[in-house]
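**Student:** So here's target00.cif (mmCIF, C-alpha atoms).
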```cif
data_run
#
loop_
_atom_site.group_PDB
_atom_site.id
_atom_site.type_symbol
_atom_site.label_atom_id
_atom_site.label_comp_id
_atom_site.auth_asym_id
_atom_site.auth_seq_id
_atom_site.Cartn_x
_atom_site.Cartn_y
_atom_site.Cartn_z
ATOM 1 C CA MET K 1 -14.577 -6.272 8.877
ATOM 2 C CA PRO K 2 -16.656 -4.276 6.364
ATOM 3 C CA LYS K 3 -16.723 -5.714 2.869
ATOM 4 C CA GLY K 4 -14.218 -4.463 0.366
ATOM 5 C CA ILE K 5 -11.763 -3.245 3.013
ATOM 6 C CA VAL K 6 -8.849 -5.450 1.884
ATOM 7 C CA LYS K 7 -7.469 -5.403 -1.649
ATOM 8 C CA ARG K 8 -5.231 -7.730 -3.632
ATOM 9 C CA GLY K 9 -1.618 -6.570 -3.372
ATOM 10 C CA GLU K 10 -1.956 -4.971 0.063
ATOM 11 C CA VAL K 11 0.162 -6.043 3.026
ATOM 12 C CA TRP K 12 -1.730 -6.245 6.330
ATOM 13 C CA MET K 13 -0.762 -7.370 9.809
ATOM 14 C CA VAL K 14 -2.405 -10.729 10.508
ATOM 15 C CA ASP K 15 -2.869 -12.479 13.850
ATOM 16 C CA PHE K 16 -1.960 -16.146 13.286
ATOM 17 C CA GLU K 17 -2.628 -17.236 16.895
ATOM 18 C CA PRO K 18 -4.131 -19.528 17.932
ATOM 19 C CA GLN K 19 -2.986 -22.171 15.485
ATOM 20 C CA THR K 20 -4.105 -25.776 15.465
ATOM 21 C CA PHE K 21 -0.527 -26.968 15.031
ATOM 22 C CA LYS K 22 2.169 -24.698 16.400
ATOM 23 C CA ALA K 23 4.913 -25.264 13.851
ATOM 24 C CA GLU K 24 6.148 -21.720 14.457
ATOM 25 C CA PRO K 25 5.346 -20.732 18.050
ATOM 26 C CA GLY K 26 5.680 -17.081 18.972
ATOM 27 C CA LYS K 27 4.793 -15.807 15.508
ATOM 28 C CA ARG K 28 1.558 -14.083 16.454
ATOM 29 C CA ALA K 29 1.526 -11.006 14.222
ATOM 30 C CA ARG K 30 2.997 -11.177 10.737
ATOM 31 C CA PRO K 31 2.792 -8.920 7.723
ATOM 32 C CA SER K 32 0.887 -10.830 5.045
ATOM 33 C CA LEU K 33 0.203 -10.187 1.373
ATOM 34 C CA ILE K 34 -3.399 -10.386 0.134
ATOM 35 C CA ILE K 35 -3.439 -12.598 -2.981
ATOM 36 C CA GLN K 36 -7.179 -13.231 -3.194
ATOM 37 C CA THR K 37 -9.032 -11.647 -6.111
ATOM 38 C CA ASP K 38 -10.871 -8.403 -5.411
ATOM 39 C CA LEU K 39 -13.999 -10.047 -6.853
ATOM 40 C CA LEU K 40 -14.259 -11.975 -3.567
ATOM 41 C CA ASN K 41 -12.814 -9.190 -1.414
ATOM 42 C CA ASP K 42 -15.445 -6.714 -2.631
ATOM 43 C CA LEU K 43 -18.270 -9.194 -1.948
ATOM 44 C CA GLY K 44 -17.303 -9.446 1.707
ATOM 45 C CA HIS K 45 -16.215 -13.091 1.498
ATOM 46 C CA PRO K 46 -15.629 -14.280 5.120
ATOM 47 C CA THR K 47 -12.107 -15.565 4.429
ATOM 48 C CA THR K 48 -9.127 -14.177 2.543
ATOM 49 C CA MET K 49 -6.138 -15.916 0.948
ATOM 50 C CA VAL K 50 -2.811 -14.489 2.097
ATOM 51 C CA ILE K 51 0.905 -15.206 1.958
ATOM 52 C CA PRO K 52 2.614 -14.654 5.329
ATOM 53 C CA GLY K 53 5.853 -12.746 5.595
ATOM 54 C CA THR K 54 8.938 -13.279 7.723
ATOM 55 C CA THR K 55 11.852 -11.094 8.778
ATOM 56 C CA ASP K 56 14.088 -14.177 8.680
ATOM 57 C CA VAL K 57 15.233 -13.222 5.167
ATOM 58 C CA GLU K 58 17.011 -15.837 3.039
ATOM 59 C CA PRO K 59 18.728 -14.606 -0.126
ATOM 60 C CA ASP K 60 18.311 -16.630 -3.315
ATOM 61 C CA ALA K 61 15.341 -18.659 -2.038
ATOM 62 C CA TYR K 62 13.084 -18.020 -5.057
ATOM 63 C CA PRO K 63 10.506 -19.518 -5.782
ATOM 64 C CA LEU K 64 9.909 -20.482 -2.133
ATOM 65 C CA ARG K 65 10.355 -16.863 -1.102
ATOM 66 C CA VAL K 66 9.968 -13.465 -2.726
ATOM 67 C CA PHE K 67 11.855 -10.571 -1.169
ATOM 68 C CA LEU K 68 9.416 -7.802 -0.308
ATOM 69 C CA GLY K 69 11.848 -5.255 1.117
ATOM 70 C CA PRO K 70 11.442 -3.231 4.303
ATOM 71 C CA VAL K 71 8.025 -3.374 5.964
ATOM 72 C CA ARG K 72 7.136 -1.202 8.946
ATOM 73 C CA LYS K 73 5.009 -2.843 11.615
ATOM 74 C CA PRO K 74 3.124 -0.348 13.791
ATOM 75 C CA GLY K 75 5.450 1.098 16.430
ATOM 76 C CA GLU K 76 8.589 -0.547 15.001
ATOM 77 C CA GLN K 77 11.417 0.257 12.625
ATOM 78 C CA PRO K 78 11.089 -1.135 9.082
ATOM 79 C CA LYS K 79 12.539 -4.634 8.652
ATOM 80 C CA ASP K 80 13.407 -6.515 5.484
ATOM 81 C CA THR K 81 10.721 -9.108 4.799
ATOM 82 C CA ASP K 82 10.411 -12.239 2.669
ATOM 83 C CA LEU K 83 7.047 -13.593 1.534
ATOM 84 C CA LEU K 84 6.712 -17.321 2.282
ATOM 85 C CA ILE K 85 5.212 -18.396 -1.042
ATOM 86 C CA ASP K 86 4.834 -22.048 -0.002
ATOM 87 C CA GLN K 87 2.723 -21.108 3.044
ATOM 88 C CA ILE K 88 -0.475 -19.781 1.434
ATOM 89 C CA LYS K 89 -3.249 -19.546 3.999
ATOM 90 C CA ALA K 90 -6.982 -18.878 3.888
ATOM 91 C CA ILE K 91 -7.732 -16.894 7.030
ATOM 92 C CA SER K 92 -10.832 -15.526 8.691
ATOM 93 C CA ASN K 93 -11.192 -11.804 8.074
ATOM 94 C CA ASP K 94 -11.313 -11.418 11.870
ATOM 95 C CA ARG K 95 -7.551 -12.085 11.908
ATOM 96 C CA PHE K 96 -6.663 -8.786 10.190
ATOM 97 C CA MET K 97 -5.106 -6.318 12.611
ATOM 98 C CA GLY K 98 -5.169 -2.531 12.534
ATOM 99 C CA ASP K 99 -7.201 -0.016 10.601
ATOM 100 C CA GLY K 100 -5.526 -0.391 7.242
ATOM 101 C CA ALA K 101 -2.833 -1.858 5.077
ATOM 102 C CA LEU K 102 0.826 -1.418 5.987
ATOM 103 C CA THR K 103 1.673 -0.934 2.316
ATOM 104 C CA THR K 104 0.677 -1.934 -1.196
ATOM 105 C CA VAL K 105 3.223 -3.892 -3.227
ATOM 106 C CA SER K 106 4.360 -2.828 -6.662
ATOM 107 C CA THR K 107 3.138 -4.404 -9.885
ATOM 108 C CA ASN K 108 6.614 -5.925 -10.283
ATOM 109 C CA HIS K 109 6.361 -7.603 -6.865
ATOM 110 C CA MET K 110 2.932 -9.029 -7.734
ATOM 111 C CA LYS K 111 4.384 -10.418 -10.990
ATOM 112 C CA GLN K 112 7.182 -12.099 -9.002
ATOM 113 C CA VAL K 113 4.661 -13.583 -6.547
ATOM 114 C CA THR K 114 2.423 -14.804 -9.396
ATOM 115 C CA SER K 115 5.394 -16.369 -11.188
ATOM 116 C CA ALA K 116 6.555 -18.111 -7.991
ATOM 117 C CA LEU K 117 3.020 -19.436 -7.342
ATOM 118 C CA LYS K 118 2.796 -20.755 -10.905
ATOM 119 C CA THR K 119 6.134 -22.538 -10.485
ATOM 120 C CA LEU K 120 5.256 -24.096 -7.112
ATOM 121 C CA LEU K 121 1.766 -25.133 -8.211
ATOM 122 C CA SER K 122 2.804 -26.310 -11.705
ATOM 123 C CA LEU K 123 0.344 -23.958 -13.397
#
```
Could you render the structure from this file as structure tokens?
**Tutor:**
Amino acid sequence: MPKGIVKRGEVWMVDFEPQTFKAEPGKRARPSLIIQTDLLNDLGHPTTMVIPGTTDVEPDAYPLRVFLGPVRKPGEQPKDTDLLIDQIKAISNDRFMGDGALTTVSTNHMKQVTSALKTLLSL
């Protein structure tokens, strides 16, 4: 992946297979929010910190989840998606799928994600 292609706040499809431990088998491609600073993204850092999403939406699960809204995977209808805040992952940039971001989240969504991270990490 060329450096600077991903940006904080973008949602990309990520290939999470293979996994060392298959806690969630069959979850190959997931929309995932880039939370890593663009300082590293623009330098071409070989890994990127993301928060995976799920279409198994659970209302009132904050701060473990932040509702993202409908996300359209390539070739599919949009589906409501939660971000799994407690499942932050550092992934190889080779795991990004497609030619670009599915969407970019709003400033309000990024504030919700930041607040949830601060709560869960006691920052």
**Student:** Taking 3 positions as the minimum chain separation for residues in the same chain, which residues sit within 6 Å of stretch 9-14 of chain K when counting only C-alpha atoms? Answer as a short mmCIF file (atom, residue, chain, number, x, y, z; two decimals) with C-alpha atoms, in the coordinates of the input.
**Tutor:**
```
data_model
loop_
_atom_site.label_atom_id
_atom_site.label_comp_id
_atom_site.auth_asym_id
_atom_site.auth_seq_id
_atom_site.Cartn_x
_atom_site.Cartn_y
_atom_site.Cartn_z
CA ALA K 29 1.53 -11.01 14.22
CA ARG K 30 3.00 -11.18 10.74
CA PRO K 31 2.79 -8.92 7.72
CA SER K 32 0.89 -10.83 5.04
CA LEU K 33 0.20 -10.19 1.37
CA ILE K 34 -3.40 -10.39 0.13
CA ARG K 95 -7.55 -12.08 11.91
CA PHE K 96 -6.66 -8.79 10.19
CA MET K 97 -5.11 -6.32 12.61
CA ALA K 101 -2.83 -1.86 5.08
CA LEU K 102 0.83 -1.42 5.99
CA THR K 103 1.67 -0.93 2.32
CA THR K 104 0.68 -1.93 -1.20
CA VAL K 105 3.22 -3.89 -3.23
#
```
**Student:** May I ask for the distance between atom CA of K:Gly44 and atom CA of K:Phe67, given in Å to one decimal place?
**Tutor:**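 These two atoms are separated by 29.3 Å.
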**Student:** Could you check how far atom CA of K:Pro59 sits from atom CA of K:Pro74, in Å to one decimal?
**Tutor:**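 So the answer is 25.3 Å.
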**Student:** How many Å separate atom CA of K:Val113 from atom CA of K:Tyr62?
**Tutor:**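 The value is 9.6 Å.
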**Student:** I need the output of the PyMOL selection byres ((chain K and resi 79) around 8) for this file as an MDAnalysis selection string; which residues are they?
**Tutor:** chainID K and resid 55 69:72 77:78 80:81
**Student:** For the file shown, what are the residues hit by the PyMOL selection byres ((chain K and resi 48) around 8), laid out as an MDAnalysis selection string?
**Tutor:** chainID K and resid 34 36 41 45:47 49:50 90:93
**Student:** Could you check the closest approach to K:Ile51 for each of K:Val6, K:Val66, K:Met110, K:Ile85 and tell me which residue wins, using all atoms listed in the file?
**Tutor:** K:Ile85
**Student:** Taking all atoms of stretch 75-79 of chain K that the file lists, what box with edges along x, y and z, padded by 6 Å per side, do you get, with centre and edge lengths in Å to one decimal, as lines of an AutoDock Vina configuration file?
**Tutor:**
```
center_x = 9.0
center_y = -1.8
center_z = 12.5
size_x = 19.1
size_y = 17.7
size_z = 19.8
```
**Student:** Considering only C-alpha atoms, can you say which of K:Arg8, K:Gly53, K:Lys73, K:Asp15 comes closest to K:Thr37?
**Tutor:** K:Arg8
**Student:** Select, from K:Leu40, K:Leu120, K:Leu68, K:Ala61, the residue with the minimum atom-to-atom distance to K:Asp86, counting only C-alpha atoms.
**Tutor:**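 Of K:Leu40, K:Leu120, K:Leu68, K:Ala61, the one nearest K:Asp86 is K:Leu120, counting only C-alpha atoms.
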**Student:** Write a file for stretch 88-102 of chain K, containing N, CA, C and O atoms (output as a short mmCIF file (atom, residue, chain, number, x, y, z; two decimals), in the first residue's frame).
**Tutor:**
```cif
data_model
loop_
_atom_site.label_atom_id
_atom_site.label_comp_id
_atom_site.auth_asym_id
_atom_site.auth_seq_id
_atom_site.Cartn_x
_atom_site.Cartn_y
_atom_site.Cartn_z
N ILE K 88 -9.63 -2.97 19.68
CA ILE K 88 -8.61 -2.24 18.91
C ILE K 88 -7.58 -3.24 18.40
O ILE K 88 -7.14 -4.12 19.13
N LYS K 89 -7.19 -3.07 17.14
CA LYS K 89 -6.20 -3.97 16.56
C LYS K 89 -5.16 -3.15 15.78
O LYS K 89 -5.50 -2.16 15.16
N ALA K 90 -3.92 -3.60 15.84
CA ALA K 90 -2.88 -3.07 14.96
C ALA K 90 -2.71 -4.11 13.86
O ALA K 90 -2.39 -5.27 14.14
N ILE K 91 -2.98 -3.71 12.63
CA ILE K 91 -2.97 -4.65 11.52
C ILE K 91 -1.90 -4.27 10.50
O ILE K 91 -1.52 -3.10 10.38
N SER K 92 -1.45 -5.26 9.75
CA SER K 92 -0.56 -4.99 8.63
C SER K 92 -1.35 -4.23 7.57
O SER K 92 -2.53 -4.51 7.33
N ASN K 93 -0.71 -3.29 6.92
CA ASN K 93 -1.39 -2.54 5.86
C ASN K 93 -1.78 -3.42 4.68
O ASN K 93 -2.62 -3.03 3.88
N ASP K 94 -1.22 -4.62 4.60
CA ASP K 94 -1.59 -5.57 3.55
C ASP K 94 -3.01 -6.10 3.74
O ASP K 94 -3.56 -6.71 2.83
N ARG K 95 -3.59 -5.89 4.91
CA ARG K 95 -4.94 -6.40 5.19
C ARG K 95 -6.06 -5.49 4.67
O ARG K 95 -7.21 -5.87 4.67
N PHE K 96 -5.71 -4.26 4.26
CA PHE K 96 -6.75 -3.38 3.71
C PHE K 96 -7.22 -3.91 2.37
O PHE K 96 -6.43 -4.35 1.54
N MET K 97 -8.54 -3.86 2.16
CA MET K 97 -9.14 -4.39 0.94
C MET K 97 -9.71 -3.24 0.12
O MET K 97 -10.20 -2.25 0.66
N GLY K 98 -9.69 -3.38 -1.19
CA GLY K 98 -10.29 -2.40 -2.07
C GLY K 98 -9.34 -1.26 -2.41
O GLY K 98 -8.20 -1.20 -1.96
N ASP K 99 -9.87 -0.33 -3.19
CA ASP K 99 -9.07 0.78 -3.69
C ASP K 99 -9.23 2.06 -2.88
O ASP K 99 -8.58 3.06 -3.17
N GLY K 100 -10.14 2.03 -1.91
CA GLY K 100 -10.36 3.25 -1.14
C GLY K 100 -11.28 3.01 0.03
O GLY K 100 -11.79 1.91 0.24
N ALA K 101 -11.47 4.08 0.78
CA ALA K 101 -12.32 4.02 1.96
C ALA K 101 -13.78 3.84 1.57
O ALA K 101 -14.23 4.32 0.52
N LEU K 102 -14.53 3.14 2.43
CA LEU K 102 -15.97 3.01 2.24
C LEU K 102 -16.67 4.33 2.55
O LEU K 102 -17.63 4.70 1.90
#
```
